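Novice: Just target-v9.cif, nothing more (mmCIF, C-alpha atoms):
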```
data_coords
#
loop_
_atom_site.group_PDB
_atom_site.id
_atom_site.type_symbol
_atom_site.label_atom_id
_atom_site.label_comp_id
_atom_site.auth_asym_id
_atom_site.auth_seq_id
_atom_site.Cartn_x
_atom_site.Cartn_y
_atom_site.Cartn_z
ATOM 1 C CA MET A 1191 0.000 0.000 0.000
ATOM 2 C CA ALA A 1192 1.321 3.423 -0.951
ATOM 3 C CA LYS A 1193 2.322 5.738 1.843
ATOM 4 C CA LYS A 1194 -0.046 8.607 2.526
ATOM 5 C CA PHE A 1195 1.473 11.896 3.566
ATOM 6 C CA ILE A 1196 -0.106 14.438 5.880
ATOM 7 C CA PHE A 1197 1.417 17.895 5.620
ATOM 8 C CA LYS A 1198 0.708 20.751 7.988
ATOM 9 C CA ILE A 1199 0.743 24.026 6.021
ATOM 10 C CA LEU A 1200 0.447 27.386 7.777
ATOM 11 C CA LEU A 1201 -1.287 30.454 6.338
ATOM 12 C CA ALA A 1202 0.163 33.555 7.939
ATOM 13 C CA GLY A 1203 -0.031 37.302 7.406
ATOM 14 C CA ASP A 1204 -1.643 40.432 8.783
ATOM 15 C CA GLY A 1205 -5.384 40.658 9.381
ATOM 16 C CA GLY A 1206 -7.491 41.277 6.294
ATOM 17 C CA VAL A 1207 -4.960 40.035 3.718
ATOM 18 C CA GLY A 1208 -7.331 37.275 2.604
ATOM 19 C CA LYS A 1209 -6.115 34.079 4.289
ATOM 20 C CA THR A 1210 -9.570 32.705 5.088
ATOM 21 C CA THR A 1211 -10.976 33.810 1.733
ATOM 22 C CA LEU A 1212 -8.119 32.037 -0.072
ATOM 23 C CA LEU A 1213 -8.859 28.865 1.871
ATOM 24 C CA HIS A 1214 -12.560 29.042 0.980
ATOM 25 C CA ARG A 1215 -11.633 29.374 -2.698
ATOM 26 C CA TYR A 1216 -9.142 26.512 -2.514
ATOM 27 C CA ILE A 1217 -11.246 24.104 -0.416
ATOM 28 C CA LYS A 1218 -14.769 24.869 -1.686
ATOM 29 C CA GLY A 1219 -13.999 26.409 -5.075
ATOM 30 C CA GLU A 1220 -16.032 29.504 -4.295
ATOM 31 C CA PHE A 1221 -15.466 33.136 -3.397
ATOM 32 C CA SER A 1222 -16.744 34.101 0.013
ATOM 33 C CA GLN A 1223 -17.357 37.847 0.211
ATOM 34 C CA SER A 1224 -18.122 37.852 3.915
ATOM 35 C CA THR A 1225 -15.658 35.888 6.005
ATOM 36 C CA GLN A 1226 -15.389 36.496 9.733
ATOM 37 C CA MET A 1227 -12.155 37.558 11.389
ATOM 38 C CA THR A 1228 -10.263 34.434 12.449
ATOM 39 C CA ILE A 1229 -9.873 34.265 16.213
ATOM 40 C CA GLY A 1230 -6.654 32.385 16.989
ATOM 41 C CA VAL A 1231 -6.461 29.491 14.515
ATOM 42 C CA GLU A 1232 -8.825 27.490 12.303
ATOM 43 C CA PHE A 1233 -7.848 24.535 10.226
ATOM 44 C CA PHE A 1234 -9.070 22.825 7.080
ATOM 45 C CA LEU A 1235 -8.217 19.568 5.319
ATOM 46 C CA LYS A 1236 -7.739 19.026 1.593
ATOM 47 C CA GLU A 1237 -6.925 15.714 -0.102
ATOM 48 C CA VAL A 1238 -4.561 16.209 -3.050
ATOM 49 C CA GLN A 1239 -2.246 14.301 -5.336
ATOM 50 C CA VAL A 1240 1.323 15.575 -5.377
ATOM 51 C CA ASP A 1241 3.651 13.867 -7.845
ATOM 52 C CA GLY A 1242 1.375 10.817 -7.837
ATOM 53 C CA GLN A 1243 1.396 10.639 -4.028
ATOM 54 C CA ASP A 1244 -1.785 10.842 -1.960
ATOM 55 C CA CYS A 1245 -1.418 13.727 0.447
ATOM 56 C CA THR A 1246 -3.644 15.390 2.986
ATOM 57 C CA LEU A 1247 -2.964 19.067 3.473
ATOM 58 C CA GLN A 1248 -3.789 20.305 6.971
ATOM 59 C CA LEU A 1249 -4.205 24.016 6.321
ATOM 60 C CA TRP A 1250 -3.826 26.148 9.449
ATOM 61 C CA ASP A 1251 -5.377 29.607 9.109
ATOM 62 C CA PHE A 1252 -3.689 31.964 11.582
ATOM 63 C CA GLY A 1253 -5.637 34.949 12.868
ATOM 64 C CA GLY A 1254 -3.745 38.029 11.688
ATOM 65 C CA GLN A 1255 -4.605 40.470 14.451
ATOM 66 C CA GLN A 1256 -1.733 41.470 16.716
ATOM 67 C CA ARG A 1257 -3.643 40.402 19.818
ATOM 68 C CA PHE A 1258 -3.684 36.736 18.692
ATOM 69 C CA ARG A 1259 -0.016 36.397 17.763
ATOM 70 C CA PHE A 1260 1.136 35.212 21.169
ATOM 71 C CA LEU A 1261 -1.057 32.112 20.646
ATOM 72 C CA LEU A 1262 0.422 31.175 17.301
ATOM 73 C CA GLU A 1263 3.868 29.990 18.329
ATOM 74 C CA SER A 1264 2.300 26.966 20.010
ATOM 75 C CA TYR A 1265 0.562 25.990 16.739
ATOM 76 C CA VAL A 1266 3.605 25.875 14.438
ATOM 77 C CA MET A 1267 5.019 22.608 15.761
ATOM 78 C CA GLY A 1268 5.101 20.022 12.997
ATOM 79 C CA ALA A 1269 4.539 22.489 10.158
ATOM 80 C CA LYS A 1270 6.027 21.404 6.838
ATOM 81 C CA GLY A 1271 5.454 24.639 4.912
ATOM 82 C CA ALA A 1272 3.746 28.007 4.971
ATOM 83 C CA LEU A 1273 2.082 30.610 2.797
ATOM 84 C CA LEU A 1274 3.053 34.096 3.942
ATOM 85 C CA MET A 1275 0.424 36.440 2.585
ATOM 86 C CA PHE A 1276 0.172 40.182 2.050
ATOM 87 C CA ASP A 1277 -2.383 42.428 0.353
ATOM 88 C CA LEU A 1278 -1.150 43.873 -2.959
ATOM 89 C CA THR A 1279 -3.363 46.925 -2.370
ATOM 90 C CA ARG A 1280 -2.057 47.667 1.144
ATOM 91 C CA PRO A 1281 1.756 47.998 1.401
ATOM 92 C CA MET A 1282 1.507 48.235 5.197
ATOM 93 C CA THR A 1283 0.672 44.498 5.235
ATOM 94 C CA LEU A 1284 4.385 43.951 4.483
ATOM 95 C CA GLU A 1285 5.513 45.640 7.698
ATOM 96 C CA ASN A 1286 5.324 42.558 9.935
ATOM 97 C CA LEU A 1287 6.970 40.014 7.611
ATOM 98 C CA ASN A 1288 9.893 39.521 9.960
ATOM 99 C CA GLU A 1289 7.561 38.696 12.842
ATOM 100 C CA TRP A 1290 5.475 36.289 10.723
ATOM 101 C CA ILE A 1291 8.551 34.492 9.420
ATOM 102 C CA SER A 1292 9.937 34.113 12.909
ATOM 103 C CA ILE A 1293 6.622 32.660 14.115
ATOM 104 C CA CYS A 1294 6.452 30.212 11.173
ATOM 105 C CA ARG A 1295 10.099 29.157 11.477
ATOM 106 C CA LYS A 1296 10.140 28.891 15.277
ATOM 107 C CA ASN A 1297 10.793 25.118 15.161
ATOM 108 C CA ASP A 1298 12.326 24.805 11.688
ATOM 109 C CA SER A 1299 14.680 27.529 10.494
ATOM 110 C CA GLU A 1300 14.484 26.216 6.916
ATOM 111 C CA LEU A 1301 10.696 25.867 6.695
ATOM 112 C CA PRO A 1302 9.677 26.456 3.050
ATOM 113 C CA ILE A 1303 7.602 29.636 2.866
ATOM 114 C CA LEU A 1304 5.778 30.744 -0.278
ATOM 115 C CA PHE A 1305 5.291 34.520 -0.523
ATOM 116 C CA VAL A 1306 1.747 35.274 -1.710
ATOM 117 C CA GLY A 1307 0.378 38.632 -2.860
ATOM 118 C CA THR A 1308 -3.425 38.668 -2.621
ATOM 119 C CA LYS A 1309 -6.286 40.585 -4.253
ATOM 120 C CA LEU A 1310 -4.761 40.449 -7.738
ATOM 121 C CA ASP A 1311 -8.224 41.163 -9.189
ATOM 122 C CA LEU A 1312 -8.156 44.711 -7.754
ATOM 123 C CA GLU A 1313 -5.827 45.841 -10.559
ATOM 124 C CA GLU A 1314 -6.637 49.549 -10.208
ATOM 125 C CA ASP A 1315 -5.693 49.526 -6.518
ATOM 126 C CA ILE A 1316 -2.466 47.471 -6.600
ATOM 127 C CA SER A 1317 0.316 49.490 -5.013
ATOM 128 C CA VAL A 1318 3.038 46.863 -4.409
ATOM 129 C CA ASP A 1319 5.016 46.177 -7.573
ATOM 130 C CA ASP A 1320 6.620 42.827 -8.363
ATOM 131 C CA ASP A 1321 10.209 44.029 -8.062
ATOM 132 C CA TYR A 1322 9.579 45.389 -4.585
ATOM 133 C CA ALA A 1323 7.852 42.184 -3.461
ATOM 134 C CA LYS A 1324 10.600 39.990 -4.931
ATOM 135 C CA ASN A 1325 13.198 41.815 -2.804
ATOM 136 C CA PHE A 1326 11.836 39.884 0.163
ATOM 137 C CA LEU A 1327 12.581 36.484 -1.428
ATOM 138 C CA ASP A 1328 16.336 36.675 -0.830
ATOM 139 C CA GLN A 1329 16.071 38.758 2.314
ATOM 140 C CA PHE A 1330 13.987 36.081 4.073
ATOM 141 C CA ASP A 1331 14.992 33.000 2.040
ATOM 142 C CA LEU A 1332 11.464 32.489 0.709
ATOM 143 C CA LEU A 1333 10.588 29.709 -1.724
ATOM 144 C CA ASP A 1334 8.945 31.831 -4.442
ATOM 145 C CA TYR A 1335 6.532 34.683 -5.045
ATOM 146 C CA ILE A 1336 3.059 34.323 -6.561
ATOM 147 C CA LYS A 1337 0.082 36.663 -6.890
ATOM 148 C CA VAL A 1338 -3.424 35.286 -6.418
ATOM 149 C CA SER A 1339 -7.045 36.327 -6.576
ATOM 150 C CA SER A 1340 -9.498 34.492 -4.362
ATOM 151 C CA LYS A 1341 -12.296 36.286 -6.204
ATOM 152 C CA THR A 1342 -11.407 35.000 -9.692
ATOM 153 C CA GLY A 1343 -9.467 31.934 -8.546
ATOM 154 C CA GLU A 1344 -6.373 33.050 -10.484
ATOM 155 C CA ASN A 1345 -3.247 31.166 -9.322
ATOM 156 C CA VAL A 1346 -4.982 29.739 -6.238
ATOM 157 C CA GLN A 1347 -4.409 26.082 -7.189
ATOM 158 C CA GLU A 1348 -0.896 26.952 -8.374
ATOM 159 C CA ALA A 1349 0.047 28.499 -5.010
ATOM 160 C CA PHE A 1350 -0.939 25.380 -3.075
ATOM 161 C CA LYS A 1351 0.693 23.129 -5.664
ATOM 162 C CA LEU A 1352 3.977 25.064 -5.358
ATOM 163 C CA ILE A 1353 4.127 24.670 -1.592
ATOM 164 C CA ALA A 1354 2.918 21.039 -1.638
ATOM 165 C CA ASP A 1355 5.525 20.098 -4.283
ATOM 166 C CA ARG A 1356 8.317 21.677 -2.223
ATOM 167 C CA VAL A 1357 7.130 20.049 0.998
ATOM 168 C CA LEU A 1358 6.955 16.597 -0.615
ATOM 169 C CA GLU A 1359 10.371 17.082 -2.204
ATOM 170 C CA ARG A 1360 11.842 18.080 1.160
ATOM 171 C CA GLN A 1361 10.139 15.134 2.881
ATOM 172 C CA SER A 1362 11.568 12.730 0.291
ATOM 173 C CA GLN A 1363 15.093 14.052 0.978
ATOM 174 C CA LYS A 1364 14.739 13.055 4.630
ATOM 175 C CA TYR A 1365 14.111 9.381 3.801
#
```
Written as structure tokens, how would this file's structure read?

Specialist:
Amino acid sequence: MAKKFIFKILLAGDGGVGKTTLLHRYIKGEFSQSTQMTIGVEFFLKEVQVDGQDCTLQLWDFGGQQRFRFLLESYVMGAKGALLMFDLTRPMTLENLNEWISICRKNDSELPILFVGTKLDLEEDISVDDDYAKNFLDQFDLLDYIKVSSKTGENVQEAFKLIADRVLERQSQKY
């Protein structure tokens, strides 16, 4: 019987960047206009195939508000990867990247983190350009940079595939 992998993937970033909305699009295939603020942590499961392997993604949605951050460090244990998200229309959502990365990498200094710019559909309002965003890749040793729209679904599957592929590849190197 083929081995089944279970990968814990964190979704981190400031409040209102679209973490929960992205998960709704990815899990249910629909855009949810009215999500509630995440208090602490919620998690979702998604069965996927990665390189022919059956995998279950445990997707941990971290509440972005400052007042919940002290809780998060206890939830990162066992994480295999993370999506670090920011809002392309609000440059201030980049201000706490250092803090988010340190939370995500608390137990694994080499945790693969995909950098995700959200709200790509709001083209008129985008104020973070690609070159600026890509500066953070080297600075924080991030896996890659991708822009997504939970509203249209653009690049949503691709973002999760990128992180799942990297996590599986890293897991395979350990055995």

Novice: To one decimal place in Å, what is the distance between CA of Gln1226 in chain A and CA of Tyr1265 in chain A?

Specialist: 20.3 Å

Novice: Starting from the shown file, work through the PyMOL selection byres ((chain A and resi 1353-1355) around 10) and note down what comes out as an NGL selection string.

Specialist: :A and (1197-1199 or 1238-1241 or 1245-1247 or 1270-1273 or 1302-1305 or 1333-1334 or 1348-1352 or 1356-1361)

Novice: So, counting all atoms listed in the file, which residue among A:Glu1314, A:Glu1344, A:Asp1204, A:Asp1331 is closest to Gly1253 in chain A?

Specialist: A:Asp1204

Novice: Using only C-alpha atoms, pick whichever of A:Gln1363, A:Ser1340, A:Asn1345, A:Thr1279 has the shortest atom-to-atom distance to Lys1218 in chain A.

Specialist: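 Among the listed residues, the smallest separation from Lys1218 in chain A belongs to A:Ser1340.
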
Novice: When distances are computed from only C-alpha atoms, which of A:Thr1211, A:Ser1317, A:Gln1243, A:Gln1248 shows the smallest separation from Arg1280 in chain A?

Specialist: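 Smallest separation from Arg1280 in chain A among the options: A:Ser1317.
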
Novice: Can you tell me, as a PDB file with C-alpha atoms, in the frame of the given file, what residues are no more than 10 Å from Phe1234 in chain A when counting only C-alpha atoms, ignoring any on the same chain fewer than 2 positions away?

Specialist:
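Generated file (result_0.pdb):
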```pdb
ATOM      1  CA  ILE A1199       0.743  24.026   6.021  1.00  0.00           C
ATOM      2  CA  LEU A1213      -8.859  28.865   1.871  1.00  0.00           C
ATOM      3  CA  HIS A1214     -12.560  29.042   0.980  1.00  0.00           C
ATOM      4  CA  ILE A1217     -11.246  24.104  -0.416  1.00  0.00           C
ATOM      5  CA  GLU A1232      -8.825  27.490  12.303  1.00  0.00           C
ATOM      6  CA  LYS A1236      -7.739  19.026   1.593  1.00  0.00           C
ATOM      7  CA  LEU A1247      -2.964  19.067   3.473  1.00  0.00           C
ATOM      8  CA  GLN A1248      -3.789  20.305   6.971  1.00  0.00           C
ATOM      9  CA  LEU A1249      -4.205  24.016   6.321  1.00  0.00           C
ATOM     10  CA  TRP A1250      -3.826  26.148   9.449  1.00  0.00           C
ATOM     11  CA  ASP A1251      -5.377  29.607   9.109  1.00  0.00           C
TER      12      ASP A1251
END
```

Novice: I'd like to know which of A:Glu1237, A:Asp1298, A:Glu1263, A:Asp1277 is closest to Ile1336 in chain A, using all atoms listed in the file.

Specialist: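 That would be A:Asp1277, the residue with the smallest distance to Ile1336 in chain A.
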
Novice: For the file shown, what are the residues hit by the PyMOL selection byres ((chain A and resi 1324) around 12), laid out as a list in words?

Specialist: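 On the file shown, the PyMOL selection byres ((chain A and resi 1324) around 12) covers Leu1284, Leu1304, Phe1305, Val1306, Gly1307, Val1318, Asp1319, Asp1320, Asp1321, Tyr1322, Ala1323, Asn1325, Phe1326, Leu1327, Asp1328, Gln1329, Phe1330, Asp1331, Leu1332, Leu1333, Asp1334, Tyr1335, Ile1336 and Lys1337 of chain A.
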
Novice: Just the number, please: distance in Å from CA of Gly1203 in chain A to CA of Ser1362 in chain A, one decimal.

Specialist: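 Between CA of Gly1203 in chain A and CA of Ser1362 in chain A the gap is 28.1 Å.
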
Novice: Rounded to one decimal in Å, what is the spacing between CA of Val1207 in chain A and CA of Phe1276 in chain A?

Specialist: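 CA of Phe1276 in chain A lies at a distance of 5.4 Å from CA of Val1207 in chain A.
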
Novice: For the PyMOL selection byres ((chain A and resi 1339) around 10), applied here, can you spell out every residue it catches as a CSV table (one decimal) with C-alpha atoms, in the coordinates of the input?

Specialist:
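Ended up saving to out_13.csv:
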```csv
chain,number,residue,atom,x,y,z
A,1208,GLY,CA,-7.3,37.3,2.6
A,1211,THR,CA,-11.0,33.8,1.7
A,1212,LEU,CA,-8.1,32.0,-0.1
A,1215,ARG,CA,-11.6,29.4,-2.7
A,1221,PHE,CA,-15.5,33.1,-3.4
A,1307,GLY,CA,0.4,38.6,-2.9
A,1308,THR,CA,-3.4,38.7,-2.6
A,1309,LYS,CA,-6.3,40.6,-4.3
A,1310,LEU,CA,-4.8,40.4,-7.7
A,1311,ASP,CA,-8.2,41.2,-9.2
A,1312,LEU,CA,-8.2,44.7,-7.8
A,1337,LYS,CA,0.1,36.7,-6.9
A,1338,VAL,CA,-3.4,35.3,-6.4
A,1340,SER,CA,-9.5,34.5,-4.4
A,1341,LYS,CA,-12.3,36.3,-6.2
A,1342,THR,CA,-11.4,35.0,-9.7
A,1343,GLY,CA,-9.5,31.9,-8.5
A,1344,GLU,CA,-6.4,33.0,-10.5
A,1345,ASN,CA,-3.2,31.2,-9.3
A,1346,VAL,CA,-5.0,29.7,-6.2
```

Novice: Within 7 Å of Phe1252 in chain A, counting all atoms listed in the file, which residues show up once you throw out same-chain ones fewer than 5 positions away? Write them as a PDB file with C-alpha atoms, in the frame of the given file, please.

Specialist:
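This went into part-v5.pdb:
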```pdb
ATOM      1  CA  LEU A1201      -1.287  30.454   6.338  1.00  0.00           C
ATOM      2  CA  ALA A1202       0.163  33.555   7.939  1.00  0.00           C
ATOM      3  CA  GLY A1230      -6.654  32.385  16.989  1.00  0.00           C
ATOM      4  CA  VAL A1231      -6.461  29.491  14.515  1.00  0.00           C
ATOM      5  CA  GLU A1232      -8.825  27.490  12.303  1.00  0.00           C
TER       6      GLU A1232
END
```

Novice: Pick the closest to Arg1295 in chain A from A:Gly1205, A:Gly1242, A:Gly1268, A:Gly1219: which is it, counting only C-alpha atoms?

Specialist: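 Going through A:Gly1205, A:Gly1242, A:Gly1268, A:Gly1219 one by one, the smallest distance to Arg1295 in chain A is for A:Gly1268.
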
Novice: May I ask which of the residues A:Ile1316, A:Met1275, A:Ile1196, A:Ala1269 is the closest one to Asn1297 in chain A, counting only C-alpha atoms?

Specialist: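 Nearest candidate to Asn1297 in chain A out of A:Ile1316, A:Met1275, A:Ile1196, A:Ala1269: A:Ala1269.
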
Novice: Write range 1302-1317 of chain A as a PDB file, keeping the file's coordinate frame, completed to N, CA and C atoms.

Specialist:
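Saved the output as result_26.pdb:
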```pdb
ATOM      1  N   PRO A1302       9.982  25.817   4.333  1.00  0.00           N
ATOM      2  CA  PRO A1302       9.677  26.456   3.050  1.00  0.00           C
ATOM      3  C   PRO A1302       8.470  27.390   3.204  1.00  0.00           C
ATOM      4  N   ILE A1303       8.667  28.643   2.793  1.00  0.00           N
ATOM      5  CA  ILE A1303       7.602  29.636   2.866  1.00  0.00           C
ATOM      6  C   ILE A1303       7.393  30.247   1.483  1.00  0.00           C
ATOM      7  N   LEU A1304       6.158  30.131   0.995  1.00  0.00           N
ATOM      8  CA  LEU A1304       5.778  30.744  -0.278  1.00  0.00           C
ATOM      9  C   LEU A1304       5.218  32.132   0.014  1.00  0.00           C
ATOM     10  N   PHE A1305       5.714  33.128  -0.705  1.00  0.00           N
ATOM     11  CA  PHE A1305       5.291  34.520  -0.523  1.00  0.00           C
ATOM     12  C   PHE A1305       4.130  34.783  -1.471  1.00  0.00           C
ATOM     13  N   VAL A1306       2.975  35.179  -0.919  1.00  0.00           N
ATOM     14  CA  VAL A1306       1.747  35.274  -1.710  1.00  0.00           C
ATOM     15  C   VAL A1306       1.146  36.676  -1.621  1.00  0.00           C
ATOM     16  N   GLY A1307       1.061  37.340  -2.767  1.00  0.00           N
ATOM     17  CA  GLY A1307       0.378  38.632  -2.860  1.00  0.00           C
ATOM     18  C   GLY A1307      -1.078  38.379  -3.213  1.00  0.00           C
ATOM     19  N   THR A1308      -1.997  38.939  -2.426  1.00  0.00           N
ATOM     20  CA  THR A1308      -3.425  38.668  -2.621  1.00  0.00           C
ATOM     21  C   THR A1308      -4.149  39.850  -3.270  1.00  0.00           C
ATOM     22  N   LYS A1309      -5.372  39.585  -3.683  1.00  0.00           N
ATOM     23  CA  LYS A1309      -6.286  40.585  -4.253  1.00  0.00           C
ATOM     24  C   LYS A1309      -5.802  41.091  -5.613  1.00  0.00           C
ATOM     25  N   LEU A1310      -5.263  40.164  -6.399  1.00  0.00           N
ATOM     26  CA  LEU A1310      -4.761  40.449  -7.738  1.00  0.00           C
ATOM     27  C   LEU A1310      -5.850  41.018  -8.647  1.00  0.00           C
ATOM     28  N   ASP A1311      -7.109  40.683  -8.361  1.00  0.00           N
ATOM     29  CA  ASP A1311      -8.224  41.163  -9.189  1.00  0.00           C
ATOM     30  C   ASP A1311      -8.465  42.667  -9.031  1.00  0.00           C
ATOM     31  N   LEU A1312      -7.952  43.271  -7.975  1.00  0.00           N
ATOM     32  CA  LEU A1312      -8.156  44.711  -7.754  1.00  0.00           C
ATOM     33  C   LEU A1312      -7.056  45.519  -8.458  1.00  0.00           C
ATOM     34  N   GLU A1313      -6.932  45.288  -9.765  1.00  0.00           N
ATOM     35  CA  GLU A1313      -5.827  45.841 -10.559  1.00  0.00           C
ATOM     36  C   GLU A1313      -5.626  47.341 -10.372  1.00  0.00           C
ATOM     37  N   GLU A1314      -6.716  48.091 -10.330  1.00  0.00           N
ATOM     38  CA  GLU A1314      -6.637  49.549 -10.208  1.00  0.00           C
ATOM     39  C   GLU A1314      -6.019  49.988  -8.890  1.00  0.00           C
ATOM     40  N   ASP A1315      -6.126  49.144  -7.864  1.00  0.00           N
ATOM     41  CA  ASP A1315      -5.693  49.526  -6.518  1.00  0.00           C
ATOM     42  C   ASP A1315      -4.335  48.950  -6.109  1.00  0.00           C
ATOM     43  N   ILE A1316      -3.740  48.105  -6.965  1.00  0.00           N
ATOM     44  CA  ILE A1316      -2.466  47.471  -6.600  1.00  0.00           C
ATOM     45  C   ILE A1316      -1.383  48.535  -6.438  1.00  0.00           C
ATOM     46  N   SER A1317      -0.717  48.486  -5.280  1.00  0.00           N
ATOM     47  CA  SER A1317       0.316  49.490  -5.013  1.00  0.00           C
ATOM     48  C   SER A1317       1.658  48.873  -4.595  1.00  0.00           C
TER      49      SER A1317
END
```
